[in-house]
There are 2 protein chains.
Amino acid sequence: MMFSTKAEYGVRVMVELARRAGEEPIPLAEIAERGGLPLAYLEHLVARLRKAGLVDSRRGSRGGYLLARSPTEITLAEVVEALEGSIAPIECITEGSDGSIVCSRETQRGHVCPTKLLWTRVRFSIVRTLQEMTLADLVLGPGLPSGPALSTGPLLAALDTEPPPLTTGA
Amino acid sequence: MMFSTKAEYGVRVMVELARRAGEEPIPLAEIAERGGLPLAYLEHLVARLRKAGLVDSRRGSRGGYLLARSPTEITLAEVVEALEGSIAPIECITEGSDGSIVCSRETQRGHVCPTKLLWTRVRFSIVRTLQEMTLADLVLGPGLPSGPALSTGPLLAALDTEPPPLTTGA
DNA sequence: TGATACCCTAGCGCCCAGGTAGGTATTCCC
DNA sequence: GGGAATACCTACCTGGGCGCTAGGGTATCA
């Protein structure tokens with residue numbers, strides 16, 4: 001696998017928050033129980049989300065978490081990056097402060113890294129996909145058309161029929 | 001990071017083989033020394049590549065490895081998959097034997113996984129990018145047009161112009 | 001016949017993902 | 001005010017797997 005459960009669990013939490021956006025703050029314990037996820041662990045994840053400014057919190061009784069912005073304005077790129085750190089497909093590739101891509105192998109000697117192009121493209125395709133999706137896209141998900149569209153062919157169908165939504169406000 | 005050094009090192013080996021395609025078999029020790037990579041570890045990686053039918057080997061003196069096919073006919077998707085196993089952005093997502101995407105969380109209860117769409121798309125964008133590139137593209141890499149075309153610009157151009165080939169044969 | 005290289009199996013240390021534990025601070029309701 | 005509920009913080013633990021190393025065996029060439 002490539003992303004850890006940080007991303008997996010964290011995204012689930014965010015989707016749940018998005019689903020109930022505009023309502024009262026939602027206690028983390030409720031999300032944990034509902035999703036069958038370990039509460040104490042979620043607390044670590046949601047701390048990252050809060051520090052990234054993606055969720056707000058209310059302490060005390062009747063407290064909980066809520067989205068800091070509208071679900072349509074939060075991209076999955078922000079969410080995943082808050083949870084996992086800077087997105088890099090491979091260790092030798094990192095993003096510089098100016099957005100340029102740096103290969104750690106390259107600075108050692110003068111020679112150009114022949115594989116940099118590959119990993120740069122892979123990284124970019126991941127980031128672009130994450131940037132194209134917002135939480136709102138996932139909230140609409142569960143209530144899809146109908147029937148078990150999950151068995152045999154959903155990949156291509158789900159992907160090819162929809163052009164990327166591009167609701168990105170970022 | 002997302003891919004391990006298996007992919008990193010393995011791709012480097014393949015690029016080196018591609019660079020000298022058509023010549024004599026290349027001893028792994030030579031590639032290891034040239035790239036500053038641990039020989040004994042490379043042997044494990046190249047074993048995977050061989051089992052996947054991507055490289056041929058000649059034993060004995062004057063032996064070594066060579067590409068099983070032309071560099072233009074070997075996609076990075078094949079290489080990476082041989083090295084890392086089936087590509088999945090996250091543990092709960094796996095590819096079924098028929099090519100469909102399965103979410104391990106989904107079968108437990110009847111409910112649909114709201115994040116499946118996300119990870120399916122991420123996976124697809126990765127696979128597509130890897131399928132679009134061949135070893136030949138990386139061999140030509142170092143001698144690109146001119147100047148530091150690696151900073152910010154070439155990404156979009158390279159990615160947006162090509163429609164997906166969808167040659168999934170694996 | 002020896003040197004060269006591929007080929008296979010075992011094993012090993014370290015790091016970190018994936019939690020657990022326990023305490024503190026803040027807010028609401030009665 | 002008191003207590004319940006909740007966020008918030010720091011520290012700790014543990015298993016597994018990545019990234020090797022070790023040591024052989026086997027085929028081929030000069």
# chains A, B, ... in the order shown; residues from 1 in each chain; ligands from 1

$ select_by_dssp --residues "range 60-134 of chain B" --states "helix (DSSP H, G or I)" --output "PDB file with N, CA and C atoms, in the first residue's frame"
ATOM      1  N   PRO B  71      13.008  -1.283 -25.098  1.00  0.00           N
ATOM      2  CA  PRO B  71      12.657  -0.263 -24.103  1.00  0.00           C
ATOM      3  C   PRO B  71      11.341   0.448 -24.420  1.00  0.00           C
ATOM      4  N   THR B  72      11.001   0.530 -25.653  1.00  0.00           N
ATOM      5  CA  THR B  72       9.734   1.198 -26.015  1.00  0.00           C
ATOM      6  C   THR B  72       8.531   0.321 -25.705  1.00  0.00           C
ATOM      7  N   GLU B  73       8.790  -0.951 -25.446  1.00  0.00           N
ATOM      8  CA  GLU B  73       7.677  -1.884 -25.229  1.00  0.00           C
ATOM      9  C   GLU B  73       7.507  -2.283 -23.774  1.00  0.00           C
ATOM     10  N   LEU B  76       6.474   1.453 -17.465  1.00  0.00           N
ATOM     11  CA  LEU B  76       6.861   1.552 -16.067  1.00  0.00           C
ATOM     12  C   LEU B  76       5.837   0.879 -15.170  1.00  0.00           C
ATOM     13  N   ALA B  77       4.624   0.751 -15.650  1.00  0.00           N
ATOM     14  CA  ALA B  77       3.613   0.053 -14.866  1.00  0.00           C
ATOM     15  C   ALA B  77       4.025  -1.397 -14.651  1.00  0.00           C
ATOM     16  N   GLU B  78       4.536  -2.008 -15.704  1.00  0.00           N
ATOM     17  CA  GLU B  78       4.998  -3.393 -15.573  1.00  0.00           C
ATOM     18  C   GLU B  78       6.159  -3.496 -14.605  1.00  0.00           C
ATOM     19  N   VAL B  79       7.076  -2.555 -14.740  1.00  0.00           N
ATOM     20  CA  VAL B  79       8.282  -2.586 -13.910  1.00  0.00           C
ATOM     21  C   VAL B  79       7.924  -2.409 -12.433  1.00  0.00           C
ATOM     22  N   VAL B  80       7.153  -1.379 -12.167  1.00  0.00           N
ATOM     23  CA  VAL B  80       6.824  -1.076 -10.771  1.00  0.00           C
ATOM     24  C   VAL B  80       5.981  -2.191 -10.163  1.00  0.00           C
ATOM     25  N   GLU B  81       5.071  -2.708 -10.944  1.00  0.00           N
ATOM     26  CA  GLU B  81       4.225  -3.769 -10.410  1.00  0.00           C
ATOM     27  C   GLU B  81       5.033  -5.029 -10.122  1.00  0.00           C
ATOM     28  N   ALA B  82       5.987  -5.314 -10.973  1.00  0.00           N
ATOM     29  CA  ALA B  82       6.851  -6.478 -10.737  1.00  0.00           C
ATOM     30  C   ALA B  82       7.646  -6.309  -9.448  1.00  0.00           C
ATOM     31  N   LEU B  83       8.024  -5.076  -9.185  1.00  0.00           N
ATOM     32  CA  LEU B  83       8.873  -4.825  -8.023  1.00  0.00           C
ATOM     33  C   LEU B  83       8.070  -4.705  -6.730  1.00  0.00           C
ATOM     34  N   GLU B  84       6.966  -4.028  -6.802  1.00  0.00           N
ATOM     35  CA  GLU B  84       6.227  -3.686  -5.579  1.00  0.00           C
ATOM     36  C   GLU B  84       4.995  -4.553  -5.364  1.00  0.00           C
ATOM     37  N   LYS B 116     -14.309   4.995  -1.187  1.00  0.00           N
ATOM     38  CA  LYS B 116     -13.818   4.103  -2.238  1.00  0.00           C
ATOM     39  C   LYS B 116     -13.589   4.847  -3.551  1.00  0.00           C
ATOM     40  N   LEU B 117     -14.483   5.756  -3.837  1.00  0.00           N
ATOM     41  CA  LEU B 117     -14.346   6.527  -5.075  1.00  0.00           C
ATOM     42  C   LEU B 117     -13.018   7.272  -5.103  1.00  0.00           C
ATOM     43  N   LEU B 118     -12.672   7.843  -3.984  1.00  0.00           N
ATOM     44  CA  LEU B 118     -11.412   8.581  -3.886  1.00  0.00           C
ATOM     45  C   LEU B 118     -10.215   7.706  -4.216  1.00  0.00           C
ATOM     46  N   TRP B 119     -10.098   6.600  -3.495  1.00  0.00           N
ATOM     47  CA  TRP B 119      -8.905   5.767  -3.638  1.00  0.00           C
ATOM     48  C   TRP B 119      -8.879   5.063  -4.981  1.00  0.00           C
ATOM     49  N   THR B 120     -10.050   4.781  -5.499  1.00  0.00           N
ATOM     50  CA  THR B 120     -10.105   4.194  -6.830  1.00  0.00           C
ATOM     51  C   THR B 120      -9.552   5.159  -7.866  1.00  0.00           C
ATOM     52  N   ARG B 121      -9.922   6.399  -7.730  1.00  0.00           N
ATOM     53  CA  ARG B 121      -9.425   7.405  -8.671  1.00  0.00           C
ATOM     54  C   ARG B 121      -7.929   7.627  -8.522  1.00  0.00           C
ATOM     55  N   VAL B 122      -7.479   7.669  -7.296  1.00  0.00           N
ATOM     56  CA  VAL B 122      -6.047   7.863  -7.057  1.00  0.00           C
ATOM     57  C   VAL B 122      -5.266   6.709  -7.678  1.00  0.00           C
ATOM     58  N   ARG B 123      -5.741   5.527  -7.410  1.00  0.00           N
ATOM     59  CA  ARG B 123      -5.070   4.364  -7.977  1.00  0.00           C
ATOM     60  C   ARG B 123      -5.027   4.436  -9.489  1.00  0.00           C
ATOM     61  N   PHE B 124      -6.147   4.791 -10.047  1.00  0.00           N
ATOM     62  CA  PHE B 124      -6.224   4.817 -11.497  1.00  0.00           C
ATOM     63  C   PHE B 124      -5.281   5.858 -12.088  1.00  0.00           C
ATOM     64  N   SER B 125      -5.181   6.973 -11.445  1.00  0.00           N
ATOM     65  CA  SER B 125      -4.305   8.022 -11.982  1.00  0.00           C
ATOM     66  C   SER B 125      -2.839   7.593 -11.905  1.00  0.00           C
ATOM     67  N   ILE B 126      -2.508   6.862 -10.868  1.00  0.00           N
ATOM     68  CA  ILE B 126      -1.139   6.356 -10.751  1.00  0.00           C
ATOM     69  C   ILE B 126      -0.861   5.333 -11.846  1.00  0.00           C
ATOM     70  N   VAL B 127      -1.763   4.382 -11.960  1.00  0.00           N
ATOM     71  CA  VAL B 127      -1.571   3.318 -12.943  1.00  0.00           C
ATOM     72  C   VAL B 127      -1.511   3.902 -14.352  1.00  0.00           C
ATOM     73  N   ARG B 128      -2.357   4.850 -14.605  1.00  0.00           N
ATOM     74  CA  ARG B 128      -2.373   5.449 -15.936  1.00  0.00           C
ATOM     75  C   ARG B 128      -1.053   6.139 -16.246  1.00  0.00           C
ATOM     76  N   THR B 129      -0.566   6.873 -15.281  1.00  0.00           N
ATOM     77  CA  THR B 129       0.711   7.559 -15.484  1.00  0.00           C
ATOM     78  C   THR B 129       1.835   6.563 -15.739  1.00  0.00           C
ATOM     79  N   LEU B 130       1.829   5.483 -14.994  1.00  0.00           N
ATOM     80  CA  LEU B 130       2.870   4.476 -15.162  1.00  0.00           C
ATOM     81  C   LEU B 130       2.732   3.753 -16.493  1.00  0.00           C
ATOM     82  N   GLN B 131       1.503   3.596 -16.930  1.00  0.00           N
ATOM     83  CA  GLN B 131       1.282   2.915 -18.203  1.00  0.00           C
ATOM     84  C   GLN B 131       1.669   3.787 -19.384  1.00  0.00           C
ATOM     85  N   GLU B 132       1.605   5.073 -19.178  1.00  0.00           N
ATOM     86  CA  GLU B 132       1.898   5.992 -20.285  1.00  0.00           C
ATOM     87  C   GLU B 132       3.387   6.141 -20.543  1.00  0.00           C
TER      88      GLU B 132
END

$ closest_atom_pairs --of "chain C" --to "chain B" --cutoff "9 Å" --atoms "only C-alpha atoms (C1' of nucleotides)" --output "tab-separated table"
residue	atom	partner	partner_atom	distance
C:DA3	C1'	B:Ser61	CA	7.5
C:DT4	C1'	B:Ser61	CA	4.2
C:DA5	C1'	B:Gly60	CA	4.7
C:DC6	C1'	B:Arg59	CA	4.9
C:DC7	C1'	B:Ala47	CA	8.4

$ write_last_selection --atoms "N, CA and C atoms (P, O5', C5', C4', C3', O3' and C1' of nucleotides)" --output "PDB file, in the first residue's frame"
ATOM      1  P    DA C   3      40.982 -18.588  -9.726  1.00  0.00           P
ATOM      2  O5'  DA C   3      40.202 -17.408 -10.452  1.00  0.00           O
ATOM      3  C5'  DA C   3      40.581 -17.066 -11.775  1.00  0.00           C
ATOM      4  C4'  DA C   3      39.377 -16.545 -12.537  1.00  0.00           C
ATOM      5  C3'  DA C   3      38.508 -15.560 -11.742  1.00  0.00           C
ATOM      6  O3'  DA C   3      38.302 -14.414 -12.539  1.00  0.00           O
ATOM      7  C1'  DA C   3      37.166 -17.256 -12.717  1.00  0.00           C
ATOM      8  P    DT C   4      37.662 -13.111 -11.940  1.00  0.00           P
ATOM      9  O5'  DT C   4      36.174 -13.140 -12.522  1.00  0.00           O
ATOM     10  C5'  DT C   4      35.988 -13.230 -13.922  1.00  0.00           C
ATOM     11  C4'  DT C   4      34.542 -13.564 -14.225  1.00  0.00           C
ATOM     12  C3'  DT C   4      33.525 -12.692 -13.483  1.00  0.00           C
ATOM     13  O3'  DT C   4      32.698 -12.067 -14.443  1.00  0.00           O
ATOM     14  C1'  DT C   4      32.938 -14.986 -13.380  1.00  0.00           C
ATOM     15  P    DA C   5      32.056 -10.625 -14.169  1.00  0.00           P
ATOM     16  O5'  DA C   5      30.610 -10.991 -13.622  1.00  0.00           O
ATOM     17  C5'  DA C   5      29.589 -11.198 -14.552  1.00  0.00           C
ATOM     18  C4'  DA C   5      28.709 -12.350 -14.106  1.00  0.00           C
ATOM     19  C3'  DA C   5      27.651 -12.004 -13.058  1.00  0.00           C
ATOM     20  O3'  DA C   5      26.488 -11.525 -13.706  1.00  0.00           O
ATOM     21  C1'  DA C   5      28.538 -14.222 -12.849  1.00  0.00           C
ATOM     22  P    DC C   6      25.225 -11.003 -12.820  1.00  0.00           P
ATOM     23  O5'  DC C   6      24.264 -12.276 -12.815  1.00  0.00           O
ATOM     24  C5'  DC C   6      23.920 -12.883 -14.046  1.00  0.00           C
ATOM     25  C4'  DC C   6      23.425 -14.299 -13.800  1.00  0.00           C
ATOM     26  C3'  DC C   6      22.081 -14.398 -13.082  1.00  0.00           C
ATOM     27  O3'  DC C   6      21.326 -15.453 -13.664  1.00  0.00           O
ATOM     28  C1'  DC C   6      23.709 -15.584 -11.870  1.00  0.00           C
ATOM     29  P    DC C   7      19.762 -15.594 -13.283  1.00  0.00           P
ATOM     30  O5'  DC C   7      19.777 -16.358 -11.892  1.00  0.00           O
ATOM     31  C5'  DC C   7      19.736 -17.782 -11.889  1.00  0.00           C
ATOM     32  C4'  DC C   7      19.774 -18.282 -10.463  1.00  0.00           C
ATOM     33  C3'  DC C   7      18.590 -17.871  -9.587  1.00  0.00           C
ATOM     34  O3'  DC C   7      17.851 -19.038  -9.276  1.00  0.00           O
ATOM     35  C1'  DC C   7      20.650 -17.776  -8.419  1.00  0.00           C
TER      36       DC C   7
END

$ interface_residues --of "chain D" --to "chain A" --cutoff "9 Å" --atoms "only C-alpha atoms (C1' of nucleotides)" --output "list in words"
DA4, DA5, DT6, DA7 and DC8 of chain D

$ write_last_selection --atoms "N, CA and C atoms (P, O5', C5', C4', C3', O3' and C1' of nucleotides)" --output "PDB file, in the first residue's frame"
ATOM      1  P    DA D   4     -20.745  12.432  37.432  1.00  0.00           P
ATOM      2  O5'  DA D   4     -21.136  12.337  35.895  1.00  0.00           O
ATOM      3  C5'  DA D   4     -22.371  12.903  35.468  1.00  0.00           C
ATOM      4  C4'  DA D   4     -22.211  13.571  34.123  1.00  0.00           C
ATOM      5  C3'  DA D   4     -21.416  12.751  33.091  1.00  0.00           C
ATOM      6  O3'  DA D   4     -22.201  12.614  31.919  1.00  0.00           O
ATOM      7  C1'  DA D   4     -20.611  14.978  33.180  1.00  0.00           C
ATOM      8  P    DA D   5     -21.771  11.581  30.783  1.00  0.00           P
ATOM      9  O5'  DA D   5     -21.180  12.527  29.634  1.00  0.00           O
ATOM     10  C5'  DA D   5     -21.934  13.643  29.216  1.00  0.00           C
ATOM     11  C4'  DA D   5     -21.074  14.576  28.411  1.00  0.00           C
ATOM     12  C3'  DA D   5     -20.194  13.876  27.354  1.00  0.00           C
ATOM     13  O3'  DA D   5     -20.377  14.522  26.109  1.00  0.00           O
ATOM     14  C1'  DA D   5     -18.900  15.362  28.653  1.00  0.00           C
ATOM     15  P    DT D   6     -20.188  13.739  24.772  1.00  0.00           P
ATOM     16  O5'  DT D   6     -18.749  14.241  24.306  1.00  0.00           O
ATOM     17  C5'  DT D   6     -18.628  15.541  23.774  1.00  0.00           C
ATOM     18  C4'  DT D   6     -17.290  16.121  24.099  1.00  0.00           C
ATOM     19  C3'  DT D   6     -16.099  15.473  23.430  1.00  0.00           C
ATOM     20  O3'  DT D   6     -15.916  15.998  22.130  1.00  0.00           O
ATOM     21  C1'  DT D   6     -15.640  16.449  25.581  1.00  0.00           C
ATOM     22  P    DA D   7     -14.703  15.541  21.221  1.00  0.00           P
ATOM     23  O5'  DA D   7     -13.590  16.651  21.442  1.00  0.00           O
ATOM     24  C5'  DA D   7     -13.914  18.011  21.253  1.00  0.00           C
ATOM     25  C4'  DA D   7     -12.858  18.891  21.902  1.00  0.00           C
ATOM     26  C3'  DA D   7     -11.478  18.825  21.263  1.00  0.00           C
ATOM     27  O3'  DA D   7     -10.916  20.130  21.251  1.00  0.00           O
ATOM     28  C1'  DA D   7     -11.323  18.200  23.533  1.00  0.00           C
ATOM     29  P    DC D   8      -9.564  20.471  20.479  1.00  0.00           P
ATOM     30  O5'  DC D   8      -8.444  19.976  21.490  1.00  0.00           O
ATOM     31  C5'  DC D   8      -8.007  20.876  22.496  1.00  0.00           C
ATOM     32  C4'  DC D   8      -6.939  20.209  23.328  1.00  0.00           C
ATOM     33  C3'  DC D   8      -5.687  19.750  22.554  1.00  0.00           C
ATOM     34  O3'  DC D   8      -4.583  20.488  23.049  1.00  0.00           O
ATOM     35  C1'  DC D   8      -6.365  18.148  24.139  1.00  0.00           C
TER      36       DC D   8
END

$ closest_atom_pairs --of "chain B" --to "chain A" --cutoff "9 Å" --atoms "only C-alpha atoms" --output "CSV"
residue,atom,partner,partner_atom,distance
B:Met1,CA,A:Ile90,CA,4.7
B:Met2,CA,A:Met2,CA,4.2
B:Phe3,CA,A:Ile90,CA,5.1
B:Ser4,CA,A:Ile90,CA,6.5
B:Thr5,CA,A:Ile90,CA,7.6
B:Ala7,CA,A:Ile90,CA,8.4
B:Glu8,CA,A:Ile90,CA,7.3
B:Val11,CA,A:Thr115,CA,7.3
B:Arg12,CA,A:Thr115,CA,6.8
B:Val15,CA,A:Pro114,CA,7.6
B:Leu76,CA,A:Leu118,CA,8.4
B:Ser86,CA,A:Met1,CA,8.7
B:Ile87,CA,A:Met1,CA,7.1
B:Ala88,CA,A:Met1,CA,5.2
B:Pro89,CA,A:Met2,CA,4.6
B:Ile90,CA,A:Met1,CA,4.7
B:Glu91,CA,A:Met1,CA,5.1
B:Cys92,CA,A:Glu8,CA,8.4
B:Ile93,CA,A:Met1,CA,8.5
B:Gly96,CA,A:Thr152,CA,8.8
B:Asp98,CA,A:Thr152,CA,7.2
B:Gly99,CA,A:Thr152,CA,7.7
B:Ser100,CA,A:Thr152,CA,5.4
B:Ile101,CA,A:Leu155,CA,6.3
B:Val102,CA,A:Leu150,CA,7.9
B:His111,CA,A:Pro142,CA,8.3
B:Val112,CA,A:Pro142,CA,5.9
B:Cys113,CA,A:Pro142,CA,7.1
B:Pro114,CA,A:Pro142,CA,5.6
B:Thr115,CA,A:Leu138,CA,6.4
B:Lys116,CA,A:Leu138,CA,8.7
B:Leu117,CA,A:Leu138,CA,7.3
B:Leu118,CA,A:Leu138,CA,7.4
B:Thr120,CA,A:Leu155,CA,7.0
B:Arg121,CA,A:Leu159,CA,6.8
B:Val122,CA,A:Ile126,CA,5.9
B:Arg123,CA,A:Ile126,CA,8.3
B:Phe124,CA,A:Leu159,CA,8.3
B:Ser125,CA,A:Ser125,CA,5.9
B:Ile126,CA,A:Val122,CA,6.0
B:Val127,CA,A:Val122,CA,8.8
B:Arg128,CA,A:Ser125,CA,8.9
B:Thr129,CA,A:Val122,CA,6.1
B:Leu130,CA,A:Val122,CA,7.2
B:Met133,CA,A:Leu118,CA,7.7
B:Asp137,CA,A:Leu118,CA,8.9
B:Leu138,CA,A:Pro114,CA,5.8
B:Val139,CA,A:Pro114,CA,6.9
B:Leu140,CA,A:Pro114,CA,8.5
B:Gly141,CA,A:Pro114,CA,5.9
B:Pro142,CA,A:Pro114,CA,5.9
B:Leu150,CA,A:Ile101,CA,7.6
B:Ser151,CA,A:Ser100,CA,5.0
B:Thr152,CA,A:Ser100,CA,5.9
B:Leu155,CA,A:Arg121,CA,6.7
B:Leu156,CA,A:Phe124,CA,8.6
B:Ala158,CA,A:Arg121,CA,8.3
B:Leu159,CA,A:Arg121,CA,7.5

$ calpha_fit_rmsd --fixed "chain B" --moving "chain A"
2.3 Å

$ residues_around --residues "DG16 in chain D" --least-positions-apart "3" --cutoff "12 Å" --atoms "only C-alpha atoms (C1' of nucleotides)" --output "list in words"
DC14, DC15, DC16, DA17 and DG18 of chain C

$ select_by_dssp --residues "range 24-85 of chain A" --states "strand (DSSP E or B)" --output "list in words"
Ile26, Val55, Asp56, Ser57, Arg58, Gly64, Tyr65, Leu66, Leu67 and Thr75 of chain A

$ atom_distance --atom1 "CA of Leu66 in chain A" --atom2 "CA of Leu17 in chain A"
6.0 Å

$ residues_around --residues "Ser70 in chain B" --least-positions-apart "5" --cutoff "10 Å" --atoms "only C-alpha atoms (C1' of nucleotides)" --output "JSON, numbers by chain"
{"B": [18, 21, 22, 54, 134, 135, 136]}

$ write_last_selection --atoms "N, CA and C atoms" --output "mmCIF file, in the first residue's frame"
data_model
loop_
_atom_site.group_PDB
_atom_site.id
_atom_site.type_symbol
_atom_site.label_atom_id
_atom_site.label_comp_id
_atom_site.auth_asym_id
_atom_site.auth_seq_id
_atom_site.Cartn_x
_atom_site.Cartn_y
_atom_site.Cartn_z
ATOM 1 N N ALA B 18 18.136 -0.450 -20.214
ATOM 2 C CA ALA B 18 17.523 0.116 -21.417
ATOM 3 C C ALA B 18 18.527 0.975 -22.177
ATOM 4 N N ALA B 21 20.622 -1.255 -24.262
ATOM 5 C CA ALA B 21 19.884 -2.331 -24.922
ATOM 6 C C ALA B 21 20.555 -2.680 -26.244
ATOM 7 N N GLY B 22 20.570 -3.967 -26.557
ATOM 8 C CA GLY B 22 21.173 -4.412 -27.805
ATOM 9 C C GLY B 22 22.636 -4.770 -27.668
ATOM 10 N N LEU B 54 10.602 -9.487 -17.542
ATOM 11 C CA LEU B 54 11.029 -8.181 -18.042
ATOM 12 C C LEU B 54 12.509 -8.152 -18.395
ATOM 13 N N THR B 134 7.267 4.574 -20.902
ATOM 14 C CA THR B 134 8.081 3.393 -21.146
ATOM 15 C C THR B 134 9.517 3.694 -20.748
ATOM 16 N N LEU B 135 10.313 2.652 -20.711
ATOM 17 C CA LEU B 135 11.723 2.832 -20.371
ATOM 18 C C LEU B 135 12.403 3.775 -21.359
ATOM 19 N N ALA B 136 11.953 3.739 -22.579
ATOM 20 C CA ALA B 136 12.554 4.604 -23.595
ATOM 21 C C ALA B 136 12.410 6.078 -23.217
#

$ residues_around --residues "Tyr41 in chain B" --least-positions-apart "4" --cutoff "8 Å" --atoms "only C-alpha atoms (C1' of nucleotides)" --output "PyMOL selection string"
(chain B and resi 45) or (chain D and resi 19-20)

$ write_last_selection --atoms "C-alpha atoms (C1' of nucleotides)" --output "JSON list (two decimals), in the first residue's frame"
[["chain", "number", "residue", "atom", "x", "y", "z"],
["B", 45, "LEU", "CA", 15.03, -7.00, -7.08],
["D", 19, "DG", "C1'", 16.47, -2.83, 3.63],
["D", 20, "DC", "C1'", 19.76, -5.05, 3.78]]
